[in-house]
$ cat data00.pdb   # PDB, C-alpha atoms, pLDDT in the B column
ATOM      1  CA  MET A 127     -50.703  65.934 261.876  1.00 91.00           C
ATOM      2  CA  LYS A 128     -51.831  68.821 264.065  1.00 93.00           C
ATOM      3  CA  ARG A 129     -49.547  70.524 266.557  1.00 94.00           C
ATOM      4  CA  GLU A 130     -51.469  69.094 269.532  1.00 94.00           C
ATOM      5  CA  ASP A 131     -50.881  65.581 268.100  1.00 97.00           C
ATOM      6  CA  LEU A 132     -47.133  66.227 268.062  1.00 98.00           C
ATOM      7  CA  THR A 133     -47.304  67.426 271.671  1.00 97.00           C
ATOM      8  CA  GLU A 134     -49.071  64.190 272.673  1.00 97.00           C
ATOM      9  CA  LYS A 135     -46.470  62.132 270.782  1.00 98.00           C
ATOM     10  CA  ILE A 136     -43.643  63.939 272.596  1.00 98.00           C
ATOM     11  CA  LEU A 137     -45.365  63.433 275.970  1.00 98.00           C
ATOM     12  CA  ASP A 138     -45.928  59.733 275.203  1.00 98.00           C
ATOM     13  CA  ILE A 139     -42.212  59.282 274.409  1.00 98.00           C
ATOM     14  CA  LYS A 140     -41.254  61.199 277.567  1.00 98.00           C
ATOM     15  CA  ARG A 141     -43.447  58.880 279.650  1.00 98.00           C
ATOM     16  CA  GLU A 142     -42.297  55.698 277.903  1.00 98.00           C
ATOM     17  CA  LYS A 143     -38.616  56.580 278.358  1.00 98.00           C
ATOM     18  CA  GLY A 144     -39.080  57.849 281.910  1.00 98.00           C
ATOM     19  CA  TRP A 145     -37.360  61.125 281.026  1.00 98.00           C
ATOM     20  CA  THR A 146     -37.575  64.245 283.169  1.00 97.00           C
ATOM     21  CA  TRP A 147     -37.905  67.730 281.705  1.00 97.00           C
ATOM     22  CA  LYS A 148     -34.451  68.457 283.147  1.00 97.00           C
ATOM     23  CA  PHE A 149     -32.969  65.522 281.219  1.00 98.00           C
ATOM     24  CA  ILE A 150     -34.721  66.614 278.035  1.00 98.00           C
ATOM     25  CA  THR A 151     -33.696  70.270 278.289  1.00 97.00           C
ATOM     26  CA  ASP A 152     -30.104  69.330 279.171  1.00 97.00           C
ATOM     27  CA  GLU A 153     -29.954  67.042 276.116  1.00 98.00           C
ATOM     28  CA  ILE A 154     -31.484  69.577 273.734  1.00 98.00           C
ATOM     29  CA  GLY A 155     -29.867  72.740 275.162  1.00 96.00           C
ATOM     30  CA  GLY A 156     -29.561  75.918 273.128  1.00 94.00           C
ATOM     31  CA  MET A 157     -32.339  77.860 274.880  1.00 94.00           C
ATOM     32  CA  ALA A 158     -33.718  78.389 278.372  1.00 93.00           C
ATOM     33  CA  PRO A 159     -35.510  75.299 279.728  1.00 94.00           C
ATOM     34  CA  THR A 160     -38.812  77.201 279.900  1.00 93.00           C
ATOM     35  CA  LEU A 161     -38.619  77.916 276.168  1.00 94.00           C
ATOM     36  CA  VAL A 162     -37.674  74.354 275.233  1.00 97.00           C
ATOM     37  CA  VAL A 163     -40.455  72.832 277.350  1.00 97.00           C
ATOM     38  CA  GLY A 164     -42.876  75.482 276.081  1.00 95.00           C
ATOM     39  CA  ALA A 165     -42.011  74.559 272.505  1.00 97.00           C
ATOM     40  CA  LEU A 166     -42.372  70.841 273.147  1.00 98.00           C
ATOM     41  CA  LEU A 167     -45.791  71.610 274.635  1.00 96.00           C
ATOM     42  CA  GLY A 168     -46.727  73.581 271.510  1.00 95.00           C
ATOM     43  CA  GLN A 169     -46.519  77.142 272.860  1.00 94.00           C
ATOM     44  CA  MET A 170     -43.137  78.305 271.541  1.00 95.00           C
ATOM     45  CA  LYS A 171     -40.991  77.895 268.440  1.00 96.00           C
ATOM     46  CA  LEU A 172     -37.592  76.187 268.388  1.00 97.00           C
ATOM     47  CA  VAL A 173     -34.958  77.636 266.070  1.00 97.00           C
ATOM     48  CA  LYS A 174     -33.804  75.118 263.448  1.00 97.00           C
ATOM     49  CA  PRO A 175     -30.638  73.829 265.190  1.00 97.00           C
ATOM     50  CA  VAL A 176     -32.557  73.295 268.455  1.00 98.00           C
ATOM     51  CA  ALA A 177     -35.518  71.742 266.608  1.00 98.00           C
ATOM     52  CA  LYS A 178     -33.065  69.317 264.981  1.00 98.00           C
ATOM     53  CA  LYS A 179     -31.668  68.283 268.388  1.00 98.00           C
ATOM     54  CA  ALA A 180     -35.192  67.792 269.746  1.00 98.00           C
ATOM     55  CA  ALA A 181     -36.187  65.761 266.686  1.00 98.00           C
ATOM     56  CA  THR A 182     -33.105  63.561 267.077  1.00 98.00           C
ATOM     57  CA  LEU A 183     -33.764  63.012 270.785  1.00 98.00           C
ATOM     58  CA  PHE A 184     -37.435  62.117 270.240  1.00 98.00           C
ATOM     59  CA  GLY A 185     -36.943  60.274 266.914  1.00 98.00           C
ATOM     60  CA  LEU A 186     -39.254  62.659 265.049  1.00 98.00           C
ATOM     61  CA  THR A 187     -39.882  62.760 261.308  1.00 98.00           C
ATOM     62  CA  PRO A 188     -38.628  65.681 259.173  1.00 98.00           C
ATOM     63  CA  ALA A 189     -42.201  67.032 259.030  1.00 98.00           C
ATOM     64  CA  GLU A 190     -42.482  66.904 262.823  1.00 98.00           C
ATOM     65  CA  GLU A 191     -39.092  68.604 263.166  1.00 98.00           C
ATOM     66  CA  ALA A 192     -40.297  71.361 260.832  1.00 98.00           C
ATOM     67  CA  MET A 193     -43.439  71.752 262.957  1.00 98.00           C
ATOM     68  CA  LEU A 194     -41.250  72.462 266.017  1.00 98.00           C
ATOM     69  CA  ASN A 195     -39.756  75.359 264.017  1.00 97.00           C
ATOM     70  CA  GLU A 196     -43.130  76.880 263.097  1.00 96.00           C
ATOM     71  CA  VAL A 197     -44.563  79.847 264.980  1.00 95.00           C
ATOM     72  CA  PRO A 198     -47.414  78.383 267.061  1.00 93.00           C
ATOM     73  CA  TYR A 199     -50.816  79.783 267.812  1.00 90.00           C
ATOM     74  CA  ARG A 200     -50.087  80.492 271.453  1.00 88.00           C
ATOM     75  CA  GLY A 201     -52.560  80.099 274.292  1.00 85.00           C
ATOM     76  CA  MET A 202     -54.733  77.517 272.581  1.00 79.00           C
ATOM     77  CA  GLY A 203     -56.220  74.970 274.918  1.00 76.00           C
ATOM     78  CA  THR A 204     -56.070  77.061 278.097  1.00 81.00           C
ATOM     79  CA  PRO A 205     -59.556  78.107 279.164  1.00 85.00           C
ATOM     80  CA  MET A 206     -60.031  81.468 280.839  1.00 88.00           C
ATOM     81  CA  PRO A 207     -59.998  81.535 283.706  1.00 90.00           C
ATOM     82  CA  PRO A 208     -57.608  78.577 283.789  1.00 90.00           C
ATOM     83  CA  THR A 209     -58.886  75.446 285.513  1.00 92.00           C
ATOM     84  CA  ASP A 210     -55.552  73.809 286.368  1.00 92.00           C
ATOM     85  CA  PRO A 211     -54.862  74.767 290.008  1.00 93.00           C
ATOM     86  CA  LEU A 212     -51.197  75.701 289.463  1.00 92.00           C
ATOM     87  CA  ILE A 213     -51.904  77.818 286.395  1.00 91.00           C
ATOM     88  CA  TYR A 214     -54.941  79.309 288.118  1.00 94.00           C
ATOM     89  CA  ARG A 215     -52.720  80.510 290.998  1.00 94.00           C
ATOM     90  CA  PHE A 216     -50.637  82.524 288.509  1.00 93.00           C
ATOM     91  CA  TYR A 217     -53.870  83.954 287.102  1.00 93.00           C
ATOM     92  CA  GLU A 218     -55.012  84.726 290.651  1.00 95.00           C
ATOM     93  CA  MET A 219     -51.698  86.437 291.471  1.00 94.00           C
ATOM     94  CA  VAL A 220     -52.137  88.724 288.484  1.00 94.00           C
ATOM     95  CA  MET A 221     -55.816  89.405 289.173  1.00 94.00           C
ATOM     96  CA  VAL A 222     -55.169  90.249 292.845  1.00 95.00           C
ATOM     97  CA  ASN A 223     -51.722  91.873 292.642  1.00 94.00           C
ATOM     98  CA  GLY A 224     -51.764  93.134 289.050  1.00 94.00           C
ATOM     99  CA  PRO A 225     -53.154  96.603 289.824  1.00 92.00           C
ATOM    100  CA  ALA A 226     -50.451  97.151 292.474  1.00 95.00           C
ATOM    101  CA  TRP A 227     -47.707  95.808 290.185  1.00 94.00           C
ATOM    102  CA  LYS A 228     -48.955  98.115 287.426  1.00 94.00           C
ATOM    103  CA  ALA A 229     -48.957 101.155 289.728  1.00 93.00           C
ATOM    104  CA  LEU A 230     -45.473 100.439 291.058  1.00 94.00           C
ATOM    105  CA  ILE A 231     -43.963  99.721 287.617  1.00 94.00           C
ATOM    106  CA  GLU A 232     -45.511 102.874 286.134  1.00 93.00           C
ATOM    107  CA  GLU A 233     -44.266 104.972 289.043  1.00 92.00           C
ATOM    108  CA  GLU A 234     -40.725 103.642 288.521  1.00 94.00           C
ATOM    109  CA  PHE A 235     -40.582 103.484 284.705  1.00 94.00           C
ATOM    110  CA  GLY A 236     -43.416 105.588 283.297  1.00 93.00           C
ATOM    111  CA  ASP A 237     -46.350 104.853 280.998  1.00 93.00           C
ATOM    112  CA  GLY A 238     -45.682 101.463 279.418  1.00 93.00           C
ATOM    113  CA  ILE A 239     -45.640  97.707 279.841  1.00 94.00           C
ATOM    114  CA  MET A 240     -43.277  94.893 280.725  1.00 94.00           C
ATOM    115  CA  SER A 241     -42.588  92.791 277.663  1.00 94.00           C
ATOM    116  CA  ALA A 242     -43.612  89.147 277.694  1.00 91.00           C
ATOM    117  CA  ILE A 243     -41.628  88.696 274.468  1.00 91.00           C
ATOM    118  CA  ASP A 244     -38.256  90.222 275.445  1.00 94.00           C
ATOM    119  CA  PHE A 245     -38.512  88.334 278.691  1.00 92.00           C
ATOM    120  CA  ASN A 246     -36.549  86.038 280.996  1.00 94.00           C
ATOM    121  CA  PHE A 247     -38.019  83.564 283.469  1.00 93.00           C
ATOM    122  CA  ASP A 248     -36.326  81.356 286.016  1.00 93.00           C
ATOM    123  CA  PHE A 249     -37.409  79.453 289.069  1.00 93.00           C
ATOM    124  CA  GLU A 250     -35.647  77.601 291.822  1.00 95.00           C
ATOM    125  CA  ARG A 251     -36.435  75.611 294.930  1.00 96.00           C
ATOM    126  CA  GLU A 252     -35.973  77.645 298.093  1.00 97.00           C
ATOM    127  CA  ALA A 253     -35.564  75.562 301.253  1.00 97.00           C
ATOM    128  CA  ASN A 254     -37.858  76.600 304.084  1.00 97.00           C
ATOM    129  CA  PRO A 255     -38.504  74.781 307.367  1.00 97.00           C
ATOM    130  CA  LYS A 256     -42.264  75.358 306.917  1.00 97.00           C
ATOM    131  CA  GLY A 257     -42.143  73.725 303.465  1.00 97.00           C
ATOM    132  CA  ASP A 258     -40.037  74.388 300.402  1.00 98.00           C
ATOM    133  CA  ARG A 259     -40.960  77.439 298.366  1.00 97.00           C
ATOM    134  CA  VAL A 260     -40.971  78.176 294.650  1.00 96.00           C
ATOM    135  CA  LYS A 261     -38.832  81.232 293.923  1.00 96.00           C
ATOM    136  CA  ILE A 262     -39.672  82.845 290.593  1.00 95.00           C
ATOM    137  CA  THR A 263     -37.635  85.510 288.835  1.00 95.00           C
ATOM    138  CA  MET A 264     -39.169  87.314 285.869  1.00 94.00           C
ATOM    139  CA  SER A 265     -37.411  90.037 283.936  1.00 95.00           C
ATOM    140  CA  GLY A 266     -39.040  91.793 280.996  1.00 95.00           C
ATOM    141  CA  LYS A 267     -37.905  94.751 278.953  1.00 96.00           C
ATOM    142  CA  PHE A 268     -39.823  97.955 279.702  1.00 94.00           C
ATOM    143  CA  LEU A 269     -41.700  99.096 276.613  1.00 93.00           C
ATOM    144  CA  PRO A 270     -42.987 102.664 276.869  1.00 92.00           C
ATOM    145  CA  TYR A 271     -46.155 103.611 275.048  1.00 90.00           C
ATOM    146  CA  LYS A 272     -45.497 105.811 272.020  1.00 87.00           C
ATOM    147  CA  TYR A 273     -47.351 109.101 272.042  1.00 87.00           C
ATOM    148  CA  TYR A 274     -47.982 109.310 268.305  1.00 85.00           C
ATOM    149  CA  GLY A 275     -49.286 112.533 266.858  1.00 86.00           C
ATOM    150  CA  ASN A 276     -47.568 114.403 269.645  1.00 85.00           C
ATOM    151  CA  GLU A 277     -46.942 118.107 269.290  1.00 87.00           C
ATOM    152  CA  GLN A 278     -43.711 119.943 269.995  1.00 84.00           C
ATOM    153  CA  GLY A 279     -42.778 119.696 273.660  1.00 82.00           C
ATOM    154  CA  ILE A 280     -44.760 116.467 274.198  1.00 86.00           C
ATOM    155  CA  PRO A 281     -42.463 113.461 274.709  1.00 85.00           C
ATOM    156  CA  ASP A 282     -42.367 110.768 272.029  1.00 87.00           C
ATOM    157  CA  TYR A 283     -42.576 107.935 274.550  1.00 89.00           C
ATOM    158  CA  GLY A 284     -44.023 107.304 277.997  1.00 87.00           C
ATOM    159  CA  PHE A 285     -40.777 107.054 279.930  1.00 84.00           C
ATOM    160  CA  LYS A 286     -40.920 108.317 283.502  1.00 84.00           C
ATOM    161  CA  GLU A 287     -41.279 112.073 283.474  1.00 79.00           C
ATOM    162  CA  THR A 288     -39.097 114.110 285.791  1.00 77.00           C
ATOM    163  CA  VAL A 289     -40.711 117.106 287.376  1.00 67.00           C
TER     164      VAL A 289
END
$ encode --input "data00.pdb" --output "structure tokens"
Amino acid sequence: MKREDLTEKILDIKREKGWTWKFITDEIGGMAPTLVVGALLGQMKLVKPVAKKAATLFGLTPAEEAMLNEVPYRGMGTPMPPTDPLIYRFYEMVMVNGPAWKALIEEEFGDGIMSAIDFNFDFEREANPKGDRVKITMSGKFLPYKYYGNEQGIPDYGFKETV
């Protein structure tokens, strides 16, 4: 069985049982809902105790449970640019706003990046009389670039320099 086959099996069971992602993530627990759903969709790994709970909930075989615990090849199946309208809007946000976000983050933190690995993500519904809004909160660890081969007096890392 390939990982995408397991994803389809999980989605078939979800549809057949009429389960919501909220129900599934509440039943499995152990990790943020985004990570659990991401793993069930083949993009993340579940640690063994969480993989066991998912396997029990979905009635998976031991081999399928083990597959949920394997490190996936992330990003497979998403064309670039993305064609799904919702995913494309995230892509568009980064393409349009990314240079400004980069400039503002570097001005505040220095020469580095925001981690997508040491990262938290949450969303909530925000009531609005003009139509409900999606409120997204992302928090990633700042990772400064290392200035390797640096000479005496040159900082080791790209943290914000004070003048």
$ residues_around --input "data00.pdb" --residues "Val163 in chain A" --least-positions-apart "3" --cutoff "8 Å" --atoms "only C-alpha atoms" --output "ChimeraX atom specification"
/A:147,151,159-160,166-167
$ closest_atom_pairs --input "data00.pdb" --of "range 129-165 of chain A" --to "range 190-198 of chain A" --cutoff "12 Å" --atoms "only C-alpha atoms" --output "Markdown table"
| residue | atom | partner | partner_atom | distance |
| --- | --- | --- | --- | --- |
| A:Arg129 | CA | A:Met193 | CA | 7.2 |
| A:Glu130 | CA | A:Pro198 | CA | 10.4 |
| A:Asp131 | CA | A:Glu190 | CA | 10.0 |
| A:Leu132 | CA | A:Glu190 | CA | 7.0 |
| A:Thr133 | CA | A:Leu194 | CA | 9.7 |
| A:Lys135 | CA | A:Glu190 | CA | 10.1 |
| A:Ile136 | CA | A:Glu190 | CA | 10.3 |
| A:Leu161 | CA | A:Leu194 | CA | 11.8 |
| A:Val162 | CA | A:Leu194 | CA | 10.1 |
| A:Val163 | CA | A:Leu194 | CA | 11.4 |
| A:Gly164 | CA | A:Pro198 | CA | 10.5 |
| A:Ala165 | CA | A:Leu194 | CA | 6.9 |
$ write_last_selection --input "data00.pdb" --atoms "C-alpha atoms" --output "PDB file, in the frame of the given file"
ATOM      1  CA  ARG A 129     -49.547  70.524 266.557  1.00 94.00           C
ATOM      2  CA  GLU A 130     -51.469  69.094 269.532  1.00 94.00           C
ATOM      3  CA  ASP A 131     -50.881  65.581 268.100  1.00 97.00           C
ATOM      4  CA  LEU A 132     -47.133  66.227 268.062  1.00 98.00           C
ATOM      5  CA  THR A 133     -47.304  67.426 271.671  1.00 97.00           C
ATOM      6  CA  LYS A 135     -46.470  62.132 270.782  1.00 98.00           C
ATOM      7  CA  ILE A 136     -43.643  63.939 272.596  1.00 98.00           C
ATOM      8  CA  LEU A 161     -38.619  77.916 276.168  1.00 94.00           C
ATOM      9  CA  VAL A 162     -37.674  74.354 275.233  1.00 97.00           C
ATOM     10  CA  VAL A 163     -40.455  72.832 277.350  1.00 97.00           C
ATOM     11  CA  GLY A 164     -42.876  75.482 276.081  1.00 95.00           C
ATOM     12  CA  ALA A 165     -42.011  74.559 272.505  1.00 97.00           C
TER      13      ALA A 165
END
$ atom_distance --input "data00.pdb" --atom1 "CA of Phe235 in chain A" --atom2 "CA of Ile280 in chain A"
17.2 Å
$ resolve_selection --input "data00.pdb" --expression "the PyMOL selection byres ((chain A and resi 203-210) around 12)" --output "VMD selection string"
chain A and resid 129 to 130 167 to 169 199 to 202 211 to 218 220 to 221
$ closest_residue --input "data00.pdb" --among "A:Lys261, A:Lys148, A:Lys128, A:Arg141" --to "Phe247 in chain A" --atoms "only C-alpha atoms"
A:Lys261
$ closest_residue --input "data00.pdb" --among "A:Met219, A:Tyr271, A:Met264, A:Pro225" --to "Asp237 in chain A" --atoms "only C-alpha atoms"
A:Tyr271
$ atom_distance --input "data00.pdb" --atom1 "CA of Glu232 in chain A" --atom2 "CA of Gly284 in chain A"
9.4 Å
$ axis_aligned_box --input "data00.pdb" --around "range 243-252 of chain A" --padding-each-side "3 Å" --output "AutoDock Vina command-line options"
--center_x -38.6 --center_y 82.9 --center_z 286.3 --size_x 12.0 --size_y 20.6 --size_z 29.6
$ closest_residue --input "data00.pdb" --among "A:Lys171, A:Trp145, A:Glu134, A:Ala158" --to "Leu183 in chain A" --atoms "all atoms listed in the file"
A:Trp145
$ atom_distance --input "data00.pdb" --atom1 "CA of Leu269 in chain A" --atom2 "CA of Val222 in chain A"
22.9 Å
$ closest_residue --input "data00.pdb" --among "A:Asp152, A:Asn276, A:Ala180, A:Met240" --to "Trp227 in chain A" --atoms "all atoms listed in the file"
A:Met240
$ resolve_selection --input "data00.pdb" --expression "the PyMOL selection byres ((chain A and resi 250) around 8)" --output "number ranges by chain"
A: 248-249, 251-252, 260-262
$ closest_residue --input "data00.pdb" --among "A:Met170, A:Ala189, A:Ser265, A:Val176" --to "Ile150 in chain A" --atoms "all atoms listed in the file"
A:Val176
$ closest_residue --input "data00.pdb" --among "A:Ser241, A:Gly156, A:Phe184, A:Glu234" --to "Lys143 in chain A" --atoms "all atoms listed in the file"
A:Phe184
$ decode --input "data00.pdb" --residues "range 171-281 of chain A" --atoms "C-alpha atoms" --output "CSV table (one decimal), in the first residue's frame"
chain,number,residue,atom,x,y,z
A,171,LYS,CA,3.9,12.0,11.0
A,172,LEU,CA,2.0,10.8,14.1
A,173,VAL,CA,4.1,9.7,17.1
A,174,LYS,CA,3.4,6.0,18.0
A,175,PRO,CA,0.8,6.5,20.8
A,176,VAL,CA,-1.2,8.9,18.6
A,177,ALA,CA,-0.8,6.6,15.6
A,178,LYS,CA,-2.2,3.8,17.7
A,179,LYS,CA,-5.3,5.9,18.6
A,180,ALA,CA,-5.8,6.8,15.0
A,181,ALA,CA,-5.5,3.2,13.9
A,182,THR,CA,-8.0,2.1,16.5
A,183,LEU,CA,-10.5,4.8,15.5
A,184,PHE,CA,-10.2,4.0,11.8
A,185,GLY,CA,-9.8,0.2,12.2
A,186,LEU,CA,-6.5,0.2,10.5
A,187,THR,CA,-4.1,-2.7,10.2
A,188,PRO,CA,-0.7,-2.8,12.0
A,189,ALA,CA,1.0,-2.0,8.7
A,190,GLU,CA,-1.2,1.0,8.2
A,191,GLU,CA,-0.7,2.2,11.8
A,192,ALA,CA,3.1,1.9,11.2
A,193,MET,CA,2.7,4.0,8.0
A,194,LEU,CA,1.1,6.8,10.1
A,195,ASN,CA,4.3,6.8,12.2
A,196,GLU,CA,6.6,7.1,9.2
A,197,VAL,CA,8.1,10.4,8.1
A,198,PRO,CA,6.3,11.4,4.9
A,199,TYR,CA,7.5,12.9,1.7
A,200,ARG,CA,5.8,16.3,2.3
A,201,GLY,CA,4.3,18.4,-0.4
A,202,MET,CA,3.6,15.6,-2.8
A,203,GLY,CA,0.5,16.1,-4.9
A,204,THR,CA,0.3,19.9,-4.6
A,205,PRO,CA,1.1,21.5,-8.0
A,206,MET,CA,2.9,24.8,-8.0
A,207,PRO,CA,1.2,27.2,-8.2
A,208,PRO,CA,-1.6,25.4,-6.3
A,209,THR,CA,-4.8,25.0,-8.2
A,210,ASP,CA,-7.2,24.6,-5.2
A,211,PRO,CA,-8.7,28.1,-4.7
A,212,LEU,CA,-8.3,28.1,-0.9
A,213,ILE,CA,-4.7,26.8,-1.0
A,214,TYR,CA,-4.0,29.2,-3.9
A,215,ARG,CA,-5.1,32.2,-1.7
A,216,PHE,CA,-2.4,31.3,0.9
A,217,TYR,CA,0.1,31.1,-2.0
A,218,GLU,CA,-1.2,34.5,-3.2
A,219,MET,CA,-0.9,36.0,0.3
A,220,VAL,CA,2.8,35.0,0.4
A,221,MET,CA,3.5,36.1,-3.1
A,222,VAL,CA,1.9,39.5,-2.6
A,223,ASN,CA,2.7,40.1,1.0
A,224,GLY,CA,5.8,38.0,1.5
A,225,PRO,CA,8.4,40.7,0.6
A,226,ALA,CA,6.8,43.1,3.2
A,227,TRP,CA,6.6,40.3,5.8
A,228,LYS,CA,10.3,39.5,5.2
A,229,ALA,CA,11.3,43.1,5.5
A,230,LEU,CA,9.4,43.7,8.7
A,231,ILE,CA,10.5,40.4,10.3
A,232,GLU,CA,14.2,41.1,9.4
A,233,GLU,CA,13.9,44.6,10.8
A,234,GLU,CA,12.6,43.3,14.1
A,235,PHE,CA,14.6,40.1,14.5
A,236,GLY,CA,17.6,40.3,12.1
A,237,ASP,CA,18.9,38.2,9.3
A,238,GLY,CA,17.0,34.9,9.5
A,239,ILE,CA,13.8,33.0,8.9
A,240,MET,CA,10.6,32.0,10.7
A,241,SER,CA,10.6,28.2,11.3
A,242,ALA,CA,7.9,26.1,9.6
A,243,ILE,CA,9.1,23.2,11.8
A,244,ASP,CA,9.1,24.8,15.3
A,245,PHE,CA,5.8,26.3,14.5
A,246,ASN,CA,2.3,26.7,15.9
A,247,PHE,CA,-0.9,27.3,13.8
A,248,ASP,CA,-4.4,28.0,14.9
A,249,PHE,CA,-7.5,29.4,13.3
A,250,GLU,CA,-10.9,30.5,14.6
A,251,ARG,CA,-14.2,31.8,13.2
A,252,GLU,CA,-14.5,35.6,13.8
A,253,ALA,CA,-18.0,36.9,13.6
A,254,ASN,CA,-18.5,39.9,11.4
A,255,PRO,CA,-21.7,41.5,10.2
A,256,LYS,CA,-20.3,41.6,6.6
A,257,GLY,CA,-19.6,37.9,6.7
A,258,ASP,CA,-17.7,35.7,9.1
A,259,ARG,CA,-13.9,35.9,8.8
A,260,VAL,CA,-11.2,33.3,9.2
A,261,LYS,CA,-8.7,34.4,11.9
A,262,ILE,CA,-5.3,32.7,11.6
A,263,THR,CA,-2.5,32.8,14.1
A,264,MET,CA,0.9,31.5,13.1
A,265,SER,CA,3.9,31.5,15.4
A,266,GLY,CA,7.3,30.2,14.3
A,267,LYS,CA,10.6,30.2,16.1
A,268,PHE,CA,13.0,32.8,14.7
A,269,LEU,CA,16.1,31.0,13.2
A,270,PRO,CA,19.0,33.4,12.5
A,271,TYR,CA,21.4,32.6,9.7
A,272,LYS,CA,24.8,31.4,10.9
A,273,TYR,CA,27.7,33.5,9.7
A,274,TYR,CA,30.1,30.6,9.3
A,275,GLY,CA,33.8,31.4,8.7
A,276,ASN,CA,33.3,34.6,10.5
A,277,GLU,CA,36.3,36.5,11.7
A,278,GLN,CA,36.8,38.0,15.2
A,279,GLY,CA,34.3,40.8,15.8
A,280,ILE,CA,31.8,39.4,13.3
A,281,PRO,CA,28.7,38.0,15.0
